[in-house]
Amino acid sequence: MGVTIKQSQIKQAPSNIQADGGQHWRWVQTQLRQEYGQAQFDRWLRPLRLSNIHGGVAHLSVPTDFIRDWVERNYLTRIRSLMAAGPEQVADVQVEVSKRELCEDTDSDGALNVAESPAAHANATLGSAMPDYAQPGSTPSPLPAQARTMQGQGDGVEGMGGRLEPRYTFDSFVVGKSNAFAHAAARRVSEAQTIPFNPLFLHGGVGLGKTHLMNAIAWEYSTRYPGRRVLYISAEKFMYQFIASVRYRDTMSFKQQFRSVDLLMLDDFQFIANKDSTQEEFFHTFNALIESQKQLIISADRSPTDLEGFQERIVSRLGWGLVADIHPTDYELRLGILQSKAEAASAVDIPMDILDFLARKITSNVRELEGALNRVVAYAQLVGRAITVDVVREVLADLLRANDRKINIDEIQKAVADHYNLRVTEMLSERRARNIARPRQVAMYLAKQLTQRSLPEIGRKFSGRDHTTVIHAVKKIEDLRRSDSTLDEDITRLMRKLQG
């Protein structure tokens, strides 16, 4: 910062000023606004509140550690000189972080008011620290449009560009073998007074419940600890916010926004792969939160070791805490989810054989499973026909057809790597050792058998290999299945697992 003020530019405190600390503080604020400009004042100096003047020391309060540190580094010397010019004998100025539920605010006339509630305090302090990047040069509003405080039970959870989903709570999450570990870890983090593991990294395929768990953590944590700040944002919006802050030369506000929370939740982390500048900013945000003993929760579609396009130092840090996998659903869990949803749809009686049929046929993910049930219920209500298996086949013809072959190559690679105790990155590497090459060939064979991808598409999914390599792998495994009973059993077992 370092604004230089000439002696001739310094205005003296008016001689008729009353011996009133509050009135002199308003004069100091006016001077700071004139000297540093409106933008700097709004961002860093407006949040300052004069708590009291005692024993020759003026005590100023700010909402966050970050703002305190910034003010002390860049403005405190000037504030001290201005405070010393007042009627009271101020020898020093101390800046402290306010922990009170109520905060003081200044109205348009300069009078001091007390905010009516903790929510008002949050709005005032967050509004001072978080700029609205949508309009370049604009001054912060009480709360930016992208960072609205959730209402009701989730009050205090800031959602960037969206709201928490009220349906996604721990009570509505159906637990089975495939997600029990991730559920227990999420529960522990949301309920613990101190940080049990940091970060918590949740990963799994599309539609398996990651977003549900992330929402559930936010609801539970904000309910148990209403005084703590929670920020839930997708990695995509994190990147866009960072780009906007660079574009409008406001990176310090961006840093303050993300480093002053008690719980930062980042969804779909894989989105910032190969985004070097965003990863650099995340790296420093990660370190700042860990050093400040703040909780970090991240979700992605694969484990840290299988992420591609990320700096090695980021990958290693993601494994510092606890990594919890959400596996594809098995039949029992799918049936349990359907029973839970069917009970909620009490207006329609859904026979057990229909739920069993759906649980066996819709194996791709939970989101699609719920969508299938909703379509069946809606059809029964609108048409008035009794729900039978034949009716379900008719209503869900397109979905059932897709699920017969809906297995993706990522799932195949992960299943094969797990079966042979390898990491996916190892299997996709250039290594030609038999214990690596054979599983790679098995995965290519299964990709050809279980998906509708072309040979070139399969090759691209295996680190850009040529389609002739895939042809060779398929032919090799076909030959080995006829002569190697152990390999044939392995492939049969993998097929069963992948097909549900």
# chains A, B, ... in the order shown; residues from 1 in each chain; ligands from 1
>>> select_by_dssp(residues="stretch 199-345 of chain A", states="strand (DSSP E or B)", output="list in words")
Leu200, Phe201, Leu202, His203, Gly204, Val230, Leu231, Tyr232, Ile233, Ser234, Leu263, Leu264, Met265, Leu266, Asp267, Gln295, Leu296, Ile297, Ile298, Ser299, Ala300, Leu322, Val323, Ala324, Asp325 and Ile326 of chain A
>>> write_last_selection(atoms="N, CA, C and O atoms", output="mmCIF file, in the first residue's frame")
data_model
loop_
_atom_site.group_PDB
_atom_site.id
_atom_site.type_symbol
_atom_site.label_atom_id
_atom_site.label_comp_id
_atom_site.auth_asym_id
_atom_site.auth_seq_id
_atom_site.Cartn_x
_atom_site.Cartn_y
_atom_site.Cartn_z
ATOM 1 N N LEU A 200 -10.744 -33.509 4.990
ATOM 2 C CA LEU A 200 -11.547 -34.683 4.682
ATOM 3 C C LEU A 200 -11.777 -34.667 3.176
ATOM 4 O O LEU A 200 -12.272 -33.674 2.622
ATOM 5 N N PHE A 201 -11.386 -35.749 2.505
ATOM 6 C CA PHE A 201 -11.502 -35.844 1.046
ATOM 7 C C PHE A 201 -12.489 -36.956 0.712
ATOM 8 O O PHE A 201 -12.223 -38.136 0.973
ATOM 9 N N LEU A 202 -13.638 -36.592 0.144
ATOM 10 C CA LEU A 202 -14.668 -37.546 -0.256
ATOM 11 C C LEU A 202 -14.598 -37.746 -1.768
ATOM 12 O O LEU A 202 -14.544 -36.759 -2.521
ATOM 13 N N HIS A 203 -14.579 -39.001 -2.211
ATOM 14 C CA HIS A 203 -14.547 -39.215 -3.660
ATOM 15 C C HIS A 203 -15.397 -40.412 -4.055
ATOM 16 O O HIS A 203 -15.588 -41.363 -3.296
ATOM 17 N N GLY A 204 -15.912 -40.345 -5.270
ATOM 18 C CA GLY A 204 -16.759 -41.409 -5.804
ATOM 19 C C GLY A 204 -17.307 -40.979 -7.147
ATOM 20 O O GLY A 204 -17.184 -39.817 -7.549
ATOM 21 N N VAL A 230 -19.196 -20.881 7.577
ATOM 22 C CA VAL A 230 -19.083 -22.017 6.663
ATOM 23 C C VAL A 230 -19.231 -21.496 5.242
ATOM 24 O O VAL A 230 -20.155 -20.744 4.944
ATOM 25 N N LEU A 231 -18.326 -21.893 4.372
ATOM 26 C CA LEU A 231 -18.413 -21.505 2.968
ATOM 27 C C LEU A 231 -18.404 -22.770 2.110
ATOM 28 O O LEU A 231 -17.459 -23.550 2.152
ATOM 29 N N TYR A 232 -19.496 -22.969 1.360
ATOM 30 C CA TYR A 232 -19.661 -24.145 0.496
ATOM 31 C C TYR A 232 -19.688 -23.656 -0.948
ATOM 32 O O TYR A 232 -20.537 -22.866 -1.325
ATOM 33 N N ILE A 233 -18.746 -24.122 -1.763
ATOM 34 C CA ILE A 233 -18.613 -23.615 -3.129
ATOM 35 C C ILE A 233 -18.078 -24.719 -4.030
ATOM 36 O O ILE A 233 -17.311 -25.581 -3.589
ATOM 37 N N SER A 234 -18.476 -24.688 -5.290
ATOM 38 C CA SER A 234 -17.916 -25.640 -6.245
ATOM 39 C C SER A 234 -16.533 -25.153 -6.678
ATOM 40 O O SER A 234 -16.243 -23.947 -6.653
ATOM 41 N N LEU A 263 -14.959 -23.256 8.185
ATOM 42 C CA LEU A 263 -15.108 -24.496 7.414
ATOM 43 C C LEU A 263 -15.247 -24.131 5.945
ATOM 44 O O LEU A 263 -16.187 -23.435 5.561
ATOM 45 N N LEU A 264 -14.300 -24.578 5.127
ATOM 46 C CA LEU A 264 -14.377 -24.377 3.681
ATOM 47 C C LEU A 264 -14.679 -25.719 3.026
ATOM 48 O O LEU A 264 -13.970 -26.704 3.245
ATOM 49 N N MET A 265 -15.739 -25.754 2.207
ATOM 50 C CA MET A 265 -16.162 -26.966 1.519
ATOM 51 C C MET A 265 -16.075 -26.723 0.016
ATOM 52 O O MET A 265 -16.719 -25.812 -0.518
ATOM 53 N N LEU A 266 -15.270 -27.533 -0.653
ATOM 54 C CA LEU A 266 -15.019 -27.367 -2.085
ATOM 55 C C LEU A 266 -15.517 -28.617 -2.811
ATOM 56 O O LEU A 266 -14.999 -29.718 -2.603
ATOM 57 N N ASP A 267 -16.507 -28.436 -3.680
ATOM 58 C CA ASP A 267 -17.144 -29.562 -4.370
ATOM 59 C C ASP A 267 -16.593 -29.697 -5.796
ATOM 60 O O ASP A 267 -16.194 -28.703 -6.411
ATOM 61 N N GLN A 295 -11.185 -26.125 9.319
ATOM 62 C CA GLN A 295 -11.526 -27.382 8.656
ATOM 63 C C GLN A 295 -11.701 -27.190 7.156
ATOM 64 O O GLN A 295 -12.292 -26.212 6.695
ATOM 65 N N LEU A 296 -11.192 -28.161 6.381
ATOM 66 C CA LEU A 296 -11.316 -28.156 4.933
ATOM 67 C C LEU A 296 -11.909 -29.494 4.490
ATOM 68 O O LEU A 296 -11.436 -30.550 4.912
ATOM 69 N N ILE A 297 -12.952 -29.441 3.659
ATOM 70 C CA ILE A 297 -13.585 -30.649 3.128
ATOM 71 C C ILE A 297 -13.659 -30.524 1.615
ATOM 72 O O ILE A 297 -14.110 -29.504 1.087
ATOM 73 N N ILE A 298 -13.209 -31.558 0.916
ATOM 74 C CA ILE A 298 -13.127 -31.530 -0.542
ATOM 75 C C ILE A 298 -13.800 -32.780 -1.101
ATOM 76 O O ILE A 298 -13.675 -33.858 -0.527
ATOM 77 N N SER A 299 -14.497 -32.628 -2.207
ATOM 78 C CA SER A 299 -15.058 -33.802 -2.885
ATOM 79 C C SER A 299 -14.587 -33.810 -4.341
ATOM 80 O O SER A 299 -14.335 -32.762 -4.936
ATOM 81 N N ALA A 300 -14.449 -35.009 -4.887
ATOM 82 C CA ALA A 300 -14.009 -35.171 -6.275
ATOM 83 C C ALA A 300 -14.523 -36.505 -6.795
ATOM 84 O O ALA A 300 -15.074 -37.313 -6.043
ATOM 85 N N LEU A 322 -8.011 -37.471 5.913
ATOM 86 C CA LEU A 322 -8.713 -38.738 5.705
ATOM 87 C C LEU A 322 -9.313 -38.747 4.313
ATOM 88 O O LEU A 322 -10.005 -37.811 3.919
ATOM 89 N N VAL A 323 -9.041 -39.810 3.563
ATOM 90 C CA VAL A 323 -9.620 -40.001 2.234
ATOM 91 C C VAL A 323 -10.688 -41.077 2.340
ATOM 92 O O VAL A 323 -10.400 -42.205 2.751
ATOM 93 N N ALA A 324 -11.924 -40.734 1.990
ATOM 94 C CA ALA A 324 -13.049 -41.667 2.117
ATOM 95 C C ALA A 324 -13.710 -41.888 0.765
ATOM 96 O O ALA A 324 -14.124 -40.933 0.097
ATOM 97 N N ASP A 325 -13.811 -43.127 0.373
ATOM 98 C CA ASP A 325 -14.354 -43.502 -0.936
ATOM 99 C C ASP A 325 -15.836 -43.851 -0.808
ATOM 100 O O ASP A 325 -16.252 -44.504 0.146
ATOM 101 N N ILE A 326 -16.628 -43.405 -1.788
ATOM 102 C CA ILE A 326 -18.025 -43.834 -1.908
ATOM 103 C C ILE A 326 -18.097 -44.769 -3.108
ATOM 104 O O ILE A 326 -17.936 -44.341 -4.253
#
>>> atom_distance(atom1="atom CA of A:Tyr225", atom2="atom CA of A:Arg167")
20.3 Å
>>> residues_around(residues="A:Gly86", least_positions_apart="3", cutoff="8 Å", atoms="only C-alpha atoms", output="list in words")
Ala13, His24, Leu82, Met83, Gln89 and Val90 of chain A
>>> write_last_selection(atoms="N, CA and C atoms", output="short mmCIF file (atom, residue, chain, number, x, y, z; two decimals), in the first residue's frame")
data_model
loop_
_atom_site.label_atom_id
_atom_site.label_comp_id
_atom_site.auth_asym_id
_atom_site.auth_seq_id
_atom_site.Cartn_x
_atom_site.Cartn_y
_atom_site.Cartn_z
N ALA A 13 -7.17 18.06 13.75
CA ALA A 13 -8.50 17.84 14.32
C ALA A 13 -9.12 19.17 14.68
N HIS A 24 -14.36 11.94 17.67
CA HIS A 24 -13.02 12.04 17.10
C HIS A 24 -12.76 10.87 16.15
N LEU A 82 -3.24 9.96 13.63
CA LEU A 82 -4.51 10.68 13.62
C LEU A 82 -5.20 10.62 14.97
N MET A 83 -5.16 9.48 15.63
CA MET A 83 -5.78 9.35 16.95
C MET A 83 -5.07 10.23 17.98
N GLN A 89 -5.81 11.80 25.35
CA GLN A 89 -4.39 11.45 25.31
C GLN A 89 -4.24 10.00 24.85
N VAL A 90 -4.20 9.81 23.53
CA VAL A 90 -4.06 8.48 22.96
C VAL A 90 -2.60 8.24 22.61
#
>>> residues_around(residues="stretch 354-368 of chain A", least_positions_apart="2", cutoff="6 Å", atoms="only C-alpha atoms", output="PyMOL selection string")
chain A and resi 207-208+331+334-335+351-352+370-371
>>> closest_atom_pairs(of="stretch 281-360 of chain A", to="stretch 405-424 of chain A", cutoff="12 Å", atoms="only C-alpha atoms", output="tab-separated table")
residue	atom	partner	partner_atom	distance
A:Asp301	CA	A:Asp410	CA	9.9
A:Arg302	CA	A:Lys414	CA	9.1
A:Ser303	CA	A:Val424	CA	9.8
A:Pro304	CA	A:Arg423	CA	10.7
A:Thr305	CA	A:Arg423	CA	7.5
A:Asp306	CA	A:Val424	CA	6.1
A:Leu307	CA	A:Val424	CA	9.4
A:Glu308	CA	A:Val424	CA	10.4
A:Asp325	CA	A:Lys414	CA	11.8
A:His327	CA	A:Glu411	CA	10.1
A:Pro328	CA	A:Glu411	CA	9.0
>>> atom_distance(atom1="atom CA of A:Tyr248", atom2="atom CA of A:Glu291")
28.2 Å
>>> select_by_dssp(residues="stretch 155-283 of chain A", states="helix (DSSP H, G or I)", output="count of residues only")
61
>>> residues_around(residues="A:Thr251", least_positions_apart="3", cutoff="12 Å", atoms="only C-alpha atoms", output="PyMOL selection string")
chain A and resi 43+129-131+133+241-248+254-258+278+281
>>> write_last_selection(atoms="C-alpha atoms", output="mmCIF file, in the first residue's frame")
data_model
loop_
_atom_site.group_PDB
_atom_site.id
_atom_site.type_symbol
_atom_site.label_atom_id
_atom_site.label_comp_id
_atom_site.auth_asym_id
_atom_site.auth_seq_id
_atom_site.Cartn_x
_atom_site.Cartn_y
_atom_site.Cartn_z
ATOM 1 C CA ARG A 43 -12.483 -2.700 1.756
ATOM 2 C CA ALA A 129 -14.770 -7.956 3.467
ATOM 3 C CA MET A 130 -16.328 -9.517 0.379
ATOM 4 C CA PRO A 131 -16.502 -7.489 -2.843
ATOM 5 C CA TYR A 133 -16.809 -8.908 -8.501
ATOM 6 C CA GLN A 241 -14.129 -15.953 -8.406
ATOM 7 C CA PHE A 242 -10.339 -16.056 -8.530
ATOM 8 C CA ILE A 243 -10.247 -15.008 -12.209
ATOM 9 C CA ALA A 244 -12.619 -12.105 -11.452
ATOM 10 C CA SER A 245 -10.481 -10.955 -8.530
ATOM 11 C CA VAL A 246 -7.392 -10.915 -10.765
ATOM 12 C CA ARG A 247 -9.251 -9.124 -13.526
ATOM 13 C CA TYR A 248 -10.454 -6.381 -11.167
ATOM 14 C CA PHE A 254 -10.521 -12.883 -2.545
ATOM 15 C CA LYS A 255 -7.882 -14.203 -0.130
ATOM 16 C CA GLN A 256 -9.682 -12.728 2.866
ATOM 17 C CA GLN A 257 -12.981 -14.192 1.675
ATOM 18 C CA PHE A 258 -11.702 -17.759 1.595
ATOM 19 C CA THR A 278 -6.157 -21.480 -9.714
ATOM 20 C CA GLU A 281 -4.132 -19.918 -5.228
#
>>> residues_around(residues="A:Gly56", least_positions_apart="2", cutoff="10 Å", atoms="only C-alpha atoms", output="mmCIF file with all heavy atoms, in the first residue's frame")
data_model
loop_
_atom_site.group_PDB
_atom_site.id
_atom_site.type_symbol
_atom_site.label_atom_id
_atom_site.label_comp_id
_atom_site.auth_asym_id
_atom_site.auth_seq_id
_atom_site.Cartn_x
_atom_site.Cartn_y
_atom_site.Cartn_z
ATOM 1 N N ILE A 53 -11.530 3.721 24.626
ATOM 2 C CA ILE A 53 -10.219 4.330 24.863
ATOM 3 C C ILE A 53 -9.973 4.249 26.364
ATOM 4 O O ILE A 53 -10.734 4.807 27.166
ATOM 5 C CB ILE A 53 -10.168 5.795 24.392
ATOM 6 C CG1 ILE A 53 -10.457 5.867 22.882
ATOM 7 C CG2 ILE A 53 -8.811 6.422 24.707
ATOM 8 C CD1 ILE A 53 -10.540 7.288 22.346
ATOM 9 N N HIS A 54 -8.945 3.506 26.730
ATOM 10 C CA HIS A 54 -8.704 3.267 28.150
ATOM 11 C C HIS A 54 -7.202 3.305 28.424
ATOM 12 O O HIS A 54 -6.423 2.638 27.746
ATOM 13 C CB HIS A 54 -9.271 1.911 28.572
ATOM 14 C CG HIS A 54 -9.083 1.599 30.033
ATOM 15 N ND1 HIS A 54 -9.772 2.264 31.024
ATOM 16 C CD2 HIS A 54 -8.272 0.701 30.655
ATOM 17 C CE1 HIS A 54 -9.400 1.787 32.208
ATOM 18 N NE2 HIS A 54 -8.482 0.836 32.000
ATOM 19 N N ALA A 58 -6.277 3.304 22.494
ATOM 20 C CA ALA A 58 -7.531 3.175 21.752
ATOM 21 C C ALA A 58 -7.639 1.740 21.239
ATOM 22 O O ALA A 58 -6.722 1.242 20.579
ATOM 23 C CB ALA A 58 -7.564 4.156 20.586
ATOM 24 N N HIS A 59 -8.749 1.081 21.553
ATOM 25 C CA HIS A 59 -8.960 -0.305 21.147
ATOM 26 C C HIS A 59 -9.934 -0.339 19.974
ATOM 27 O O HIS A 59 -11.097 0.061 20.104
ATOM 28 C CB HIS A 59 -9.514 -1.118 22.324
ATOM 29 C CG HIS A 59 -8.563 -1.229 23.475
ATOM 30 N ND1 HIS A 59 -7.626 -2.227 23.591
ATOM 31 C CD2 HIS A 59 -8.385 -0.428 24.557
ATOM 32 C CE1 HIS A 59 -6.918 -2.067 24.691
ATOM 33 N NE2 HIS A 59 -7.357 -0.971 25.300
ATOM 34 N N ALA A 84 -3.734 10.375 17.840
ATOM 35 C CA ALA A 84 -2.972 11.195 18.784
ATOM 36 C C ALA A 84 -3.304 12.665 18.648
ATOM 37 O O ALA A 84 -3.034 13.464 19.571
ATOM 38 C CB ALA A 84 -1.478 10.979 18.570
ATOM 39 N N GLU A 88 -8.348 13.426 23.410
ATOM 40 C CA GLU A 88 -7.941 12.487 24.453
ATOM 41 C C GLU A 88 -6.474 12.120 24.275
ATOM 42 O O GLU A 88 -5.953 12.128 23.170
ATOM 43 C CB GLU A 88 -8.822 11.238 24.411
ATOM 44 C CG GLU A 88 -10.291 11.533 24.725
ATOM 45 C CD GLU A 88 -11.039 10.286 25.133
ATOM 46 O OE1 GLU A 88 -10.388 9.348 25.621
ATOM 47 O OE2 GLU A 88 -12.268 10.254 24.962
ATOM 48 N N GLN A 89 -5.806 11.800 25.354
ATOM 49 C CA GLN A 89 -4.388 11.452 25.314
ATOM 50 C C GLN A 89 -4.235 10.002 24.852
ATOM 51 O O GLN A 89 -4.183 9.077 25.658
ATOM 52 C CB GLN A 89 -3.763 11.649 26.711
ATOM 53 C CG GLN A 89 -3.837 13.070 27.222
ATOM 54 C CD GLN A 89 -3.107 14.044 26.300
ATOM 55 O OE1 GLN A 89 -1.972 13.789 25.883
ATOM 56 N NE2 GLN A 89 -3.762 15.158 25.981
ATOM 57 N N VAL A 90 -4.196 9.813 23.529
ATOM 58 C CA VAL A 90 -4.059 8.477 22.956
ATOM 59 C C VAL A 90 -2.596 8.244 22.609
ATOM 60 O O VAL A 90 -2.055 8.879 21.701
ATOM 61 C CB VAL A 90 -4.938 8.300 21.702
ATOM 62 C CG1 VAL A 90 -4.692 6.932 21.075
ATOM 63 C CG2 VAL A 90 -6.414 8.456 22.058
ATOM 64 N N ALA A 91 -1.951 7.343 23.352
ATOM 65 C CA ALA A 91 -0.535 7.054 23.124
ATOM 66 C C ALA A 91 -0.336 5.857 22.200
ATOM 67 O O ALA A 91 0.726 5.701 21.606
ATOM 68 C CB ALA A 91 0.164 6.804 24.461
ATOM 69 N N ASP A 92 -1.361 5.012 22.090
ATOM 70 C CA ASP A 92 -1.214 3.807 21.274
ATOM 71 C C ASP A 92 -2.576 3.380 20.757
ATOM 72 O O ASP A 92 -3.631 3.768 21.297
ATOM 73 C CB ASP A 92 -0.580 2.682 22.103
ATOM 74 C CG ASP A 92 -0.111 1.524 21.227
ATOM 75 O OD1 ASP A 92 -0.001 1.717 20.008
ATOM 76 O OD2 ASP A 92 0.143 0.440 21.778
ATOM 77 N N VAL A 93 -2.560 2.567 19.698
ATOM 78 C CA VAL A 93 -3.784 2.014 19.120
ATOM 79 C C VAL A 93 -3.592 0.512 18.958
ATOM 80 O O VAL A 93 -2.562 0.077 18.428
ATOM 81 C CB VAL A 93 -4.102 2.650 17.747
ATOM 82 C CG1 VAL A 93 -5.331 1.980 17.128
ATOM 83 C CG2 VAL A 93 -4.324 4.139 17.885
#
>>> residues_around(residues="A:Phe283", least_positions_apart="5", cutoff="12 Å", atoms="only C-alpha atoms", output="list of chain:residue names")
A:Lys255, A:Arg259, A:Ile272, A:Asp276, A:Ser277, A:Thr278, A:Ala288, A:Leu289, A:Ile290, A:Phe310, A:Gln311, A:Glu312, A:Arg313, A:Ile314, A:Val315, A:Ser316, A:Arg317, A:Leu318
>>> write_last_selection(atoms="all heavy atoms", output="short mmCIF file (atom, residue, chain, number, x, y, z; two decimals), in the first residue's frame")
data_model
loop_
_atom_site.label_atom_id
_atom_site.label_comp_id
_atom_site.auth_asym_id
_atom_site.auth_seq_id
_atom_site.Cartn_x
_atom_site.Cartn_y
_atom_site.Cartn_z
N LYS A 255 -8.61 -13.44 -1.15
CA LYS A 255 -7.88 -14.20 -0.13
C LYS A 255 -8.59 -14.11 1.21
O LYS A 255 -8.77 -15.11 1.92
CB LYS A 255 -6.44 -13.70 -0.01
CG LYS A 255 -5.58 -13.93 -1.24
CD LYS A 255 -4.21 -13.31 -1.07
CE LYS A 255 -3.43 -13.30 -2.38
NZ LYS A 255 -3.09 -14.67 -2.83
N ARG A 259 -10.04 -17.31 3.32
CA ARG A 259 -9.13 -17.72 4.39
C ARG A 259 -9.62 -17.33 5.77
O ARG A 259 -8.95 -17.60 6.76
CB ARG A 259 -7.74 -17.12 4.15
CG ARG A 259 -7.11 -17.59 2.84
CD ARG A 259 -5.72 -17.03 2.62
NE ARG A 259 -5.27 -17.29 1.25
CZ ARG A 259 -4.07 -17.00 0.80
NH1 ARG A 259 -3.19 -16.43 1.61
NH2 ARG A 259 -3.74 -17.26 -0.45
N ILE A 272 -10.68 -28.18 -11.50
CA ILE A 272 -9.55 -27.26 -11.68
C ILE A 272 -8.28 -27.99 -12.13
O ILE A 272 -7.17 -27.46 -11.99
CB ILE A 272 -9.28 -26.42 -10.42
CG1 ILE A 272 -8.93 -27.31 -9.22
CG2 ILE A 272 -10.45 -25.52 -10.10
CD1 ILE A 272 -8.49 -26.51 -8.00
N ASP A 276 -3.43 -24.01 -13.71
CA ASP A 276 -2.25 -23.79 -12.88
C ASP A 276 -2.40 -22.61 -11.92
O ASP A 276 -2.03 -22.71 -10.75
CB ASP A 276 -1.02 -23.58 -13.77
CG ASP A 276 -0.64 -24.84 -14.53
OD1 ASP A 276 -1.06 -25.93 -14.10
OD2 ASP A 276 0.06 -24.74 -15.55
N SER A 277 -2.92 -21.49 -12.40
CA SER A 277 -3.04 -20.31 -11.54
C SER A 277 -4.04 -20.55 -10.41
O SER A 277 -3.80 -20.17 -9.26
CB SER A 277 -3.46 -19.09 -12.37
OG SER A 277 -2.47 -18.77 -13.32
N THR A 278 -5.15 -21.18 -10.74
CA THR A 278 -6.16 -21.48 -9.71
C THR A 278 -5.60 -22.47 -8.71
O THR A 278 -5.83 -22.35 -7.50
CB THR A 278 -7.43 -22.05 -10.36
OG1 THR A 278 -7.93 -21.11 -11.32
CG2 THR A 278 -8.50 -22.31 -9.31
N ALA A 288 -3.02 -21.82 4.42
CA ALA A 288 -3.48 -20.82 5.38
C ALA A 288 -4.55 -21.40 6.31
O ALA A 288 -4.53 -21.17 7.52
CB ALA A 288 -4.03 -19.60 4.65
N LEU A 289 -5.47 -22.18 5.75
CA LEU A 289 -6.54 -22.76 6.57
C LEU A 289 -5.99 -23.83 7.52
O LEU A 289 -6.39 -23.89 8.69
CB LEU A 289 -7.62 -23.36 5.67
CG LEU A 289 -8.47 -22.36 4.89
CD1 LEU A 289 -9.37 -23.07 3.89
CD2 LEU A 289 -9.31 -21.51 5.84
N ILE A 290 -5.10 -24.66 7.03
CA ILE A 290 -4.52 -25.71 7.88
C ILE A 290 -3.74 -25.07 9.03
O ILE A 290 -3.86 -25.48 10.19
CB ILE A 290 -3.62 -26.64 7.06
CG1 ILE A 290 -4.43 -27.39 6.00
CG2 ILE A 290 -2.88 -27.62 7.97
CD1 ILE A 290 -5.43 -28.38 6.53
N PHE A 310 -2.82 -32.24 -11.76
CA PHE A 310 -2.65 -31.49 -10.51
C PHE A 310 -1.19 -31.50 -10.09
O PHE A 310 -0.47 -32.49 -10.33
CB PHE A 310 -3.50 -32.08 -9.38
CG PHE A 310 -4.95 -31.70 -9.46
CD1 PHE A 310 -5.84 -32.45 -10.23
CD2 PHE A 310 -5.42 -30.58 -8.80
CE1 PHE A 310 -7.17 -32.09 -10.33
CE2 PHE A 310 -6.75 -30.22 -8.89
CZ PHE A 310 -7.63 -30.97 -9.65
N GLN A 311 -0.77 -30.40 -9.45
CA GLN A 311 0.59 -30.32 -8.93
C GLN A 311 0.80 -31.40 -7.87
O GLN A 311 -0.09 -31.68 -7.06
CB GLN A 311 0.83 -28.94 -8.32
CG GLN A 311 0.65 -27.78 -9.28
CD GLN A 311 0.68 -26.43 -8.59
OE1 GLN A 311 1.05 -26.32 -7.43
NE2 GLN A 311 0.27 -25.39 -9.31
N GLU A 312 1.99 -31.97 -7.85
CA GLU A 312 2.29 -33.05 -6.92
C GLU A 312 2.16 -32.59 -5.48
O GLU A 312 1.70 -33.34 -4.62
CB GLU A 312 3.72 -33.56 -7.17
CG GLU A 312 4.10 -34.75 -6.32
CD GLU A 312 3.20 -35.97 -6.54
OE1 GLU A 312 2.76 -36.17 -7.69
OE2 GLU A 312 2.93 -36.68 -5.56
N ARG A 313 2.54 -31.35 -5.20
CA ARG A 313 2.44 -30.86 -3.82
C ARG A 313 1.00 -30.75 -3.35
O ARG A 313 0.70 -30.92 -2.16
CB ARG A 313 3.15 -29.51 -3.69
CG ARG A 313 2.59 -28.40 -4.58
CD ARG A 313 3.34 -27.11 -4.41
NE ARG A 313 2.78 -26.04 -5.23
CZ ARG A 313 3.15 -24.77 -5.13
NH1 ARG A 313 4.07 -24.42 -4.24
NH2 ARG A 313 2.60 -23.85 -5.90
N ILE A 314 0.07 -30.50 -4.28
CA ILE A 314 -1.35 -30.46 -3.92
C ILE A 314 -1.86 -31.86 -3.67
O ILE A 314 -2.56 -32.12 -2.67
CB ILE A 314 -2.17 -29.77 -5.03
CG1 ILE A 314 -1.86 -28.27 -5.05
CG2 ILE A 314 -3.67 -30.00 -4.80
CD1 ILE A 314 -2.61 -27.51 -6.14
N VAL A 315 -1.51 -32.79 -4.55
CA VAL A 315 -1.95 -34.19 -4.39
C VAL A 315 -1.48 -34.75 -3.05
O VAL A 315 -2.25 -35.42 -2.34
CB VAL A 315 -1.41 -35.05 -5.55
CG1 VAL A 315 -1.69 -36.53 -5.29
CG2 VAL A 315 -2.05 -34.63 -6.86
N SER A 316 -0.25 -34.48 -2.66
CA SER A 316 0.26 -35.00 -1.40
C SER A 316 -0.48 -34.40 -0.21
O SER A 316 -0.75 -35.09 0.78
CB SER A 316 1.76 -34.73 -1.27
OG SER A 316 2.03 -33.34 -1.17
N ARG A 317 -0.83 -33.13 -0.29
CA ARG A 317 -1.54 -32.48 0.82
C ARG A 317 -2.97 -32.98 0.96
O ARG A 317 -3.51 -33.03 2.07
CB ARG A 317 -1.52 -30.96 0.64
CG ARG A 317 -0.21 -30.32 1.08
CD ARG A 317 -0.08 -28.88 0.57
NE ARG A 317 1.06 -28.22 1.19
CZ ARG A 317 2.32 -28.42 0.87
NH1 ARG A 317 2.61 -29.31 -0.08
NH2 ARG A 317 3.30 -27.77 1.48
N LEU A 318 -3.58 -33.34 -0.16
CA LEU A 318 -4.96 -33.84 -0.09
C LEU A 318 -5.05 -35.14 0.69
O LEU A 318 -6.12 -35.49 1.21
CB LEU A 318 -5.51 -34.05 -1.51
CG LEU A 318 -5.68 -32.79 -2.36
CD1 LEU A 318 -6.15 -33.15 -3.76
CD2 LEU A 318 -6.66 -31.81 -1.71
#
>>> atom_distance(atom1="atom CA of A:Leu213", atom2="atom CA of A:Lys275")
26.2 Å
>>> closest_residue(among="A:Leu76, A:Leu373, A:Ile471, A:Ser253", to="A:Ile337", atoms="only C-alpha atoms")
A:Leu373
>>> closest_residue(among="A:Val206, A:Ser454, A:Arg26, A:Val261", to="A:Asp65", atoms="only C-alpha atoms")
A:Val261
>>> closest_residue(among="A:Arg188, A:Arg33, A:His212, A:Lys294", to="A:Tyr168", atoms="only C-alpha atoms")
A:His212
